[in-house]
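*Asks:* Compact mmCIF, C-alpha atoms, saved as upload09.txt, coming up:
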```txt
# COMPACT_ATOMS: atom_id res chain seq x y z
CA MET P 1 -10.47 -7.89 21.70
CA GLN P 2 -7.97 -10.06 19.85
CA ARG P 3 -5.63 -8.23 17.52
CA ILE P 4 -3.40 -9.04 14.62
CA VAL P 5 -0.11 -7.28 15.30
CA LEU P 6 2.07 -6.31 12.36
CA LEU P 7 5.40 -4.57 12.65
CA LEU P 8 4.98 -2.42 9.57
CA CYS P 9 7.13 0.55 8.67
CA LEU P 10 4.38 3.04 8.01
CA PHE P 11 4.92 6.79 8.26
CA ILE P 12 1.58 7.61 9.87
CA PRO P 13 0.76 10.78 11.81
CA LEU P 14 0.02 10.21 15.46
CA LEU P 15 -2.64 12.14 17.26
CA SER P 16 -0.46 13.03 20.19
CA ARG P 17 -1.72 14.63 23.40
CA ASN P 18 0.05 15.96 26.45
CA CYS P 19 -1.02 15.22 30.04
CA PHE P 20 -3.67 17.95 29.82
CA GLY P 21 -5.30 16.35 26.76
CA VAL P 22 -4.15 19.06 24.35
CA VAL P 23 -3.41 17.91 20.81
CA LYS P 24 0.19 18.57 19.81
CA SER P 25 1.18 19.96 16.44
CA GLU P 26 0.40 17.51 13.67
CA SER P 27 3.29 18.80 11.57
CA ASN P 28 5.83 17.96 14.27
CA GLU P 29 4.59 14.39 14.56
CA ILE P 30 4.44 13.86 10.81
CA GLY P 31 7.91 15.30 10.39
CA LYS P 32 9.23 12.86 12.98
CA LEU P 33 7.53 9.83 11.46
CA LEU P 34 8.40 10.67 7.87
CA LYS P 35 12.08 10.67 8.78
CA ASN P 36 14.12 8.17 6.84
CA GLY P 37 15.16 5.21 8.96
CA GLN P 38 12.33 5.62 11.48
CA PRO P 39 10.25 2.43 11.79
CA VAL P 40 6.78 2.63 13.31
CA MET P 41 5.02 -0.04 15.35
CA PHE P 42 1.67 -0.72 13.67
CA GLU P 43 -1.37 -2.55 15.00
CA LEU P 44 -4.38 -3.48 12.86
CA THR P 45 -7.49 -4.63 14.71
CA ILE P 46 -9.82 -7.37 13.47
CA PRO P 47 -12.89 -5.08 13.25
CA CYS P 48 -10.94 -2.80 10.94
CA ILE P 49 -9.95 -5.74 8.72
CA GLU P 50 -13.56 -6.89 8.54
CA LYS P 51 -14.78 -3.39 7.80
CA THR P 52 -12.36 -2.78 4.95
CA THR P 53 -12.69 -6.17 3.29
CA ARG P 54 -16.42 -6.88 3.27
CA GLU P 55 -17.22 -4.58 0.36
CA VAL P 56 -15.58 -6.54 -2.44
CA VAL P 57 -16.40 -7.28 -6.06
CA GLU P 58 -14.68 -10.51 -7.01
CA ASN P 59 -14.05 -11.98 -10.43
CA THR P 60 -12.75 -15.51 -9.97
CA THR P 61 -12.22 -15.98 -13.71
CA LEU P 62 -9.76 -13.11 -13.97
CA GLY P 63 -8.32 -13.63 -10.48
CA ILE P 64 -9.04 -10.11 -9.25
CA LYS P 65 -10.66 -8.45 -6.23
CA GLN P 66 -11.96 -4.89 -6.16
CA PHE P 67 -12.05 -2.88 -2.94
CA PHE P 68 -14.00 0.29 -2.28
CA ALA P 69 -12.33 3.28 -0.70
CA PHE P 70 -15.38 4.22 1.35
CA ALA P 71 -14.43 1.50 3.84
CA THR P 72 -11.88 3.32 6.00
CA CYS P 73 -10.51 3.10 9.53
CA GLN P 74 -9.17 5.62 12.02
CA ILE P 75 -5.56 6.19 12.98
CA SER P 76 -4.67 7.14 16.53
CA ASN P 77 -1.75 6.94 18.92
CA SER P 78 -1.42 4.31 21.60
CA ALA P 79 -1.66 5.17 25.26
CA SER P 80 1.29 2.88 25.99
CA GLY P 81 4.01 5.48 25.40
CA ARG P 82 6.39 2.83 24.05
CA GLU P 83 9.09 3.53 21.50
CA PRO P 84 9.12 3.41 18.55
CA PRO P 85 5.71 5.10 18.38
CA ARG P 86 2.83 2.64 18.20
CA VAL P 87 0.11 3.45 15.69
CA MET P 88 -3.26 1.68 15.66
CA VAL P 89 -5.72 1.48 12.82
CA HIS P 90 -9.05 0.53 14.29
CA ASP P 91 -12.78 0.61 13.79
CA ASP P 92 -14.61 3.81 14.74
CA ASN P 93 -16.72 2.12 17.42
CA GLU P 94 -13.97 0.15 19.14
CA GLU P 95 -13.20 0.84 22.77
CA ASN P 96 -10.02 -0.47 24.37
CA VAL P 97 -7.69 0.85 27.04
CA ASN P 98 -4.72 0.30 24.74
CA ILE P 99 -6.05 2.68 22.10
CA GLY P 100 -5.41 6.37 22.59
CA LYS P 101 -8.19 8.90 22.07
CA SER P 102 -9.14 9.06 18.40
CA ALA P 103 -9.57 12.04 16.14
CA SER P 104 -13.02 12.94 14.92
CA ALA P 105 -14.34 10.56 12.27
CA THR P 106 -14.60 13.59 9.98
CA ASP P 107 -10.89 14.45 10.30
CA LEU P 108 -9.54 12.93 7.09
CA ARG P 109 -5.93 13.46 8.20
CA PHE P 110 -6.40 10.48 10.53
CA ARG P 111 -8.35 8.10 8.32
CA ALA P 112 -6.78 5.30 6.29
CA MET P 113 -7.75 3.12 3.33
CA LEU P 114 -6.60 -0.50 3.36
CA LEU P 115 -5.90 -2.70 0.33
CA ASN P 116 -5.44 -6.34 1.30
CA GLN P 117 -3.36 -8.86 -0.62
CA PHE P 118 -4.64 -12.32 -1.58
CA PRO P 119 -2.84 -15.43 -2.94
CA ASN P 120 -2.71 -15.61 -6.75
CA THR P 121 -4.90 -12.52 -7.06
CA VAL P 122 -4.66 -8.89 -8.14
CA SER P 123 -6.50 -6.65 -5.68
CA TYR P 124 -7.06 -3.00 -6.47
CA MET P 125 -8.64 0.21 -5.23
CA ILE P 126 -9.23 3.78 -6.40
CA LEU P 127 -8.06 6.13 -3.66
CA ASP P 128 -10.41 8.89 -2.56
CA PRO P 129 -8.95 11.74 -0.46
CA GLN P 130 -12.49 12.61 0.60
CA LYS P 131 -12.53 9.32 2.54
CA GLY P 132 -9.05 9.41 4.07
CA HIS P 133 -5.59 10.89 3.66
CA TRP P 134 -3.65 7.67 4.22
CA PHE P 135 -3.41 4.47 2.23
CA PHE P 136 -1.59 1.27 3.00
CA THR P 137 -1.42 -2.29 1.74
CA SER P 138 -0.07 -5.64 2.87
CA GLU P 139 3.70 -5.90 3.26
CA LEU P 140 5.73 -6.89 0.21
CA SER P 141 7.97 -9.93 -0.06
CA GLY P 142 7.68 -10.54 -3.81
CA CYS P 143 4.43 -8.90 -4.95
CA ASP P 144 4.19 -6.15 -7.57
CA ILE P 145 2.58 -2.76 -7.00
CA PHE P 146 1.07 -0.74 -9.87
CA ILE P 147 -0.16 2.88 -9.91
CA ALA P 148 -2.49 4.26 -12.58
CA THR P 149 -3.79 7.82 -12.85
CA LYS P 150 -6.61 9.68 -14.60
CA ASP P 151 -6.14 13.19 -15.98
CA SER P 152 -9.65 14.33 -15.07
CA GLN P 153 -9.24 13.11 -11.45
CA PRO P 154 -5.52 13.40 -10.63
CA ASN P 155 -6.15 13.10 -6.88
CA MET P 156 -7.78 9.66 -7.23
CA PRO P 157 -5.04 7.23 -8.35
CA MET P 158 -5.73 3.54 -8.84
CA ILE P 159 -3.51 1.14 -6.86
CA PHE P 160 -2.95 -2.56 -7.64
CA HIS P 161 -1.37 -5.24 -5.43
CA ALA P 162 -0.47 -8.25 -7.60
CA ASN P 163 0.39 -11.60 -6.01
CA LEU P 164 1.27 -14.88 -7.71
CA ASP P 165 2.51 -17.60 -5.37
CA GLU P 166 2.04 -20.38 -7.92
CA LEU P 167 5.04 -19.23 -9.92
CA TYR P 168 7.81 -18.55 -7.43
CA LEU P 169 10.80 -20.52 -8.68
CA THR P 170 13.81 -18.69 -10.09
CA GLU P 171 13.28 -20.09 -13.57
CA GLN P 172 9.64 -18.93 -13.49
CA GLN P 173 10.38 -15.27 -12.80
CA VAL P 174 9.44 -14.06 -16.26
CA GLN P 175 6.15 -16.01 -16.26
CA ASN P 176 5.41 -14.49 -12.85
CA LEU P 177 6.07 -10.96 -14.07
CA LYS P 178 4.04 -11.49 -17.23
CA TRP P 179 1.00 -12.81 -15.33
CA LYS P 180 0.95 -9.78 -13.04
CA GLY P 181 1.45 -7.27 -15.83
CA ASP P 182 -1.17 -8.89 -18.07
CA LYS P 183 -3.77 -9.00 -15.26
CA VAL P 184 -3.38 -5.31 -14.53
CA ASP P 185 -3.66 -4.49 -18.23
CA GLU P 186 -6.85 -6.59 -18.41
CA ILE P 187 -8.39 -4.69 -15.50
CA LEU P 188 -7.55 -1.29 -16.98
CA THR P 189 -8.95 -2.34 -20.37
CA ALA P 190 -12.14 -3.69 -18.80
CA PHE P 191 -12.69 -0.50 -16.80
CA GLN P 192 -12.88 1.77 -19.85
CA ILE P 193 -12.56 4.83 -17.58
CA ASN P 194 -9.38 6.44 -18.94
CA TYR P 195 -6.95 5.33 -16.23
CA VAL P 196 -3.38 5.11 -17.53
CA LEU P 197 -0.69 2.99 -15.91
CA LYS P 198 2.24 5.12 -14.71
CA VAL P 199 4.27 3.11 -12.15
CA ARG P 200 5.22 -0.53 -11.59
CA ILE P 201 7.25 -1.77 -8.62
CA HIS P 202 8.70 -5.29 -8.58
CA ILE P 203 11.21 -7.34 -6.61
CA THR P 204 14.85 -7.57 -7.67
CA PRO P 205 15.32 -10.82 -9.67
CA GLU P 206 16.90 -13.83 -8.05
CA GLU P 207 20.04 -15.44 -9.40
CA PRO P 208 20.42 -16.96 -11.91
CA ILE P 209 18.49 -14.41 -13.96
CA PRO P 210 16.55 -16.03 -16.84
CA VAL P 211 17.89 -15.28 -20.32
CA ASN P 212 14.57 -13.78 -21.40
CA TYR P 213 14.32 -11.45 -18.39
CA SER P 214 15.69 -8.34 -20.14
CA GLN P 215 13.67 -9.11 -23.26
CA TYR P 216 10.47 -9.19 -21.20
CA TRP P 217 11.10 -5.69 -19.86
CA ASN P 218 11.99 -4.36 -23.31
CA ASP P 219 8.71 -5.74 -24.66
CA TYR P 220 6.76 -4.45 -21.64
CA LYS P 221 8.08 -0.91 -21.99
CA THR P 222 7.38 -0.94 -25.73
CA ALA P 223 3.81 -2.19 -25.19
CA HIS P 224 3.23 0.65 -22.70
CA GLN P 225 4.83 3.28 -24.94
CA ASP P 226 7.64 3.85 -22.41
CA ARG P 227 5.21 5.73 -20.15
CA VAL P 228 5.46 3.29 -17.20
CA LYS P 229 8.27 3.96 -14.73
CA VAL P 230 9.61 0.67 -13.37
CA TYR P 231 11.22 0.45 -9.92
CA ARG P 232 12.81 -2.48 -8.09
CA TYR P 233 12.98 -3.38 -4.42
CA SER P 234 15.01 -5.96 -2.52
CA ILE P 235 14.14 -7.96 0.59
CA VAL P 236 17.72 -9.15 1.19
CA ALA P 237 19.76 -5.94 1.22
CA PRO P 238 21.05 -4.45 3.40
CA ILE P 239 19.27 -6.95 5.69
CA VAL P 240 16.65 -9.63 5.12
CA GLN P 241 13.31 -7.89 5.58
CA LYS P 242 9.92 -7.34 4.03
CA MET P 243 8.90 -3.98 2.55
CA GLN P 244 5.96 -1.66 3.19
CA PHE P 245 4.27 0.39 0.47
CA TYR P 246 1.93 3.18 1.56
CA GLY P 247 0.63 6.59 0.55
CA HIS P 248 -0.10 9.98 2.10
CA TYR P 249 -2.31 12.73 0.65
CA LYS P 250 -1.50 16.38 1.30
CA ASN P 251 -1.89 19.66 -0.58
CA GLY P 252 -3.70 18.01 -3.48
CA LEU P 253 -1.06 15.35 -4.16
CA TRP P 254 -0.57 11.69 -3.27
CA ARG P 255 2.92 10.78 -2.16
CA PHE P 256 3.90 7.10 -2.13
CA PHE P 257 6.71 5.43 -0.23
CA LEU P 258 8.44 2.07 -0.10
CA LYS P 259 10.27 1.39 3.14
CA GLY P 260 12.13 -1.47 4.82
CA LYS P 261 10.09 -3.07 7.57
CA GLU P 262 12.99 -3.64 9.94
CA ASN P 263 15.45 -0.80 9.29
CA GLY P 264 12.97 1.88 8.21
CA VAL P 265 15.06 2.89 5.19
CA LYS P 266 13.15 4.44 2.28
CA THR P 267 13.85 2.99 -1.15
CA LEU P 268 11.13 4.90 -3.00
CA ASP P 269 9.48 8.31 -2.61
CA ILE P 270 7.31 9.42 -5.52
CA SER P 271 4.41 11.81 -6.08
CA VAL P 272 1.55 11.42 -8.53
```
Here is the file; what I need is its structure written in the form of structure tokens.
*Replies:*
Amino acid sequence: MQRIVLLLCLFIPLLSRNCFGVVKSESNEIGKLLKNGQPVMFELTIPCIEKTTREVVENTTLGIKQFFAFATCQISNSASGREPPRVMVHDDNEENVNIGKSASATDLRFRAMLLNQFPNTVSYMILDPQKGHWFFTSELSGCDIFIATKDSQPNMPMIFHANLDELYLTEQQVQNLKWKGDKVDEILTAFQINYVLKVRIHITPEEPIPVNYSQYWNDYKTAHQDRVKVYRYSIVAPIVQKMQFYGHYKNGLWRFFLKGKENGVKTLDISV
């Protein structure tokens, strides 16, 4: 089975077993992988990609794609024993000698939701902890991430991955930001289901910074009644690398992280 191999810095719990086949403590493994500066080898199989992307509602006019959280994959450890730990997200029915024994399909601690990124498109998903306790999306090298919440369903946040390759030049940074922000606002308005935008994550601006850059953010915060927390990330400091955004559900809360792909350093750790 051909695989797409991504070196993503996900903090994902491994289902670890000793030589007698006994499952080790989950808390020990999670504690190890949540450690700051600990990258994790990640492998996403083609059947999992196909499974999580086939249920899509697409609106070509708005440039958006909707994903459904009921399409999930399993997480298990590799039998290779290599370091750093190798984590595989794979389809339930896959069989391969390189995949360690999986958890039960009903064990939500080892199921993951995937939100893919597409060129010049905003993709989004409402997370459902009854489908899986992990969420991840495509690596970031310039895209924006948005998080919206709903008071009546606080454990089901709405996640957006906004990409706009058409406007990538330094002097087009403000137009790029505005397109992404406006698209997300359009989606939330069209939904009419009481989701409120709470978080926006964007890349650190390139030099020279446009003169209207600060004005854009002042207007954006005013339009959103100062309720949106804005965070930045960089792909050039301390080393050139892409970033990984992902989420973990535990004890009734979603916790979201942003981490360097190469050095494993966390730049964001928030709960909603």
*Asks:* Which residue, P:Phe146, P:Phe191, P:Trp179, P:Phe68, has the smallest gap to P:Ile126 when you use all atoms listed in the file?
*Replies:*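 Among the listed residues, the smallest separation from P:Ile126 belongs to P:Phe68.
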*Asks:* For P:Thr72, which residue among P:Thr52, P:Asn251, P:Asn59, P:Ser234 is the nearest when counting all atoms listed in the file?
*Replies:*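 Checking each candidate against P:Thr72, we get P:Thr52 as the closest.
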*Asks:* Nearest residue to P:Asn120 out of P:Leu108, P:Leu164, P:Met158, P:Val89, using all atoms listed in the file?
*Replies:* P:Leu164
*Asks:* Hey, which of P:Leu253, P:Leu34, P:Leu169, P:Met156 ends up closest to P:Pro208? Count all atoms listed in the file.
*Replies:* P:Leu169
*Asks:* Can you tell me, as a CSV table (one decimal) with C-alpha atoms, in the frame of the given file, what residues are no more than 10 Å from stretch 170-176 of chain P when counting all atoms listed in the file, ignoring any on the same chain fewer than 5 positions away?
*Replies:*
```csv
chain,number,residue,atom,x,y,z
P,143,CYS,CA,4.4,-8.9,-5.0
P,144,ASP,CA,4.2,-6.2,-7.6
P,163,ASN,CA,0.4,-11.6,-6.0
P,164,LEU,CA,1.3,-14.9,-7.7
P,165,ASP,CA,2.5,-17.6,-5.4
P,181,GLY,CA,1.4,-7.3,-15.8
P,205,PRO,CA,15.3,-10.8,-9.7
P,206,GLU,CA,16.9,-13.8,-8.0
P,207,GLU,CA,20.0,-15.4,-9.4
P,208,PRO,CA,20.4,-17.0,-11.9
P,209,ILE,CA,18.5,-14.4,-14.0
P,210,PRO,CA,16.6,-16.0,-16.8
P,211,VAL,CA,17.9,-15.3,-20.3
P,212,ASN,CA,14.6,-13.8,-21.4
P,213,TYR,CA,14.3,-11.4,-18.4
P,214,SER,CA,15.7,-8.3,-20.1
P,215,GLN,CA,13.7,-9.1,-23.3
P,216,TYR,CA,10.5,-9.2,-21.2
P,217,TRP,CA,11.1,-5.7,-19.9
```
*Asks:* Report the distance between atom CA of P:His224 and atom CA of P:Val199 in Å, rounded to one decimal place.
*Replies:* 10.9 Å
*Asks:* Can you tell me, as a short mmCIF file (atom, residue, chain, number, x, y, z; two decimals) with C-alpha atoms, in the frame of the given file, which residues sit within 12 Å of (8.0, 0.5, -5.1) in the file's frame, using all atoms listed in the file?
*Replies:*
```cif
data_model
loop_
_atom_site.label_atom_id
_atom_site.label_comp_id
_atom_site.auth_asym_id
_atom_site.auth_seq_id
_atom_site.Cartn_x
_atom_site.Cartn_y
_atom_site.Cartn_z
CA THR P 137 -1.42 -2.29 1.74
CA GLU P 139 3.70 -5.90 3.26
CA LEU P 140 5.73 -6.89 0.21
CA SER P 141 7.97 -9.93 -0.06
CA GLY P 142 7.68 -10.54 -3.81
CA CYS P 143 4.43 -8.90 -4.95
CA ASP P 144 4.19 -6.15 -7.57
CA ILE P 145 2.58 -2.76 -7.00
CA PHE P 146 1.07 -0.74 -9.87
CA ILE P 147 -0.16 2.88 -9.91
CA ILE P 159 -3.51 1.14 -6.86
CA PHE P 160 -2.95 -2.56 -7.64
CA HIS P 161 -1.37 -5.24 -5.43
CA VAL P 199 4.27 3.11 -12.15
CA ARG P 200 5.22 -0.53 -11.59
CA ILE P 201 7.25 -1.77 -8.62
CA HIS P 202 8.70 -5.29 -8.58
CA ILE P 203 11.21 -7.34 -6.61
CA THR P 204 14.85 -7.57 -7.67
CA LYS P 229 8.27 3.96 -14.73
CA VAL P 230 9.61 0.67 -13.37
CA TYR P 231 11.22 0.45 -9.92
CA ARG P 232 12.81 -2.48 -8.09
CA TYR P 233 12.98 -3.38 -4.42
CA SER P 234 15.01 -5.96 -2.52
CA ILE P 235 14.14 -7.96 0.59
CA MET P 243 8.90 -3.98 2.55
CA GLN P 244 5.96 -1.66 3.19
CA PHE P 245 4.27 0.39 0.47
CA TYR P 246 1.93 3.18 1.56
CA GLY P 247 0.63 6.59 0.55
CA ARG P 255 2.92 10.78 -2.16
CA PHE P 256 3.90 7.10 -2.13
CA PHE P 257 6.71 5.43 -0.23
CA LEU P 258 8.44 2.07 -0.10
CA LYS P 259 10.27 1.39 3.14
CA GLY P 260 12.13 -1.47 4.82
CA LYS P 266 13.15 4.44 2.28
CA THR P 267 13.85 2.99 -1.15
CA LEU P 268 11.13 4.90 -3.00
CA ASP P 269 9.48 8.31 -2.61
CA ILE P 270 7.31 9.42 -5.52
CA SER P 271 4.41 11.81 -6.08
#
```
*Asks:* Using only the atoms of stretch 183-188 of chain P listed in the file, plus 8 Å on each side, state the axis-aligned box centre and edge lengths in Å rounded to one decimal, as lines of an AutoDock Vina configuration file.
*Replies:*
```
center_x = -5.9
center_y = -5.1
center_z = -16.5
size_x = 21.0
size_y = 23.7
size_z = 19.9
```
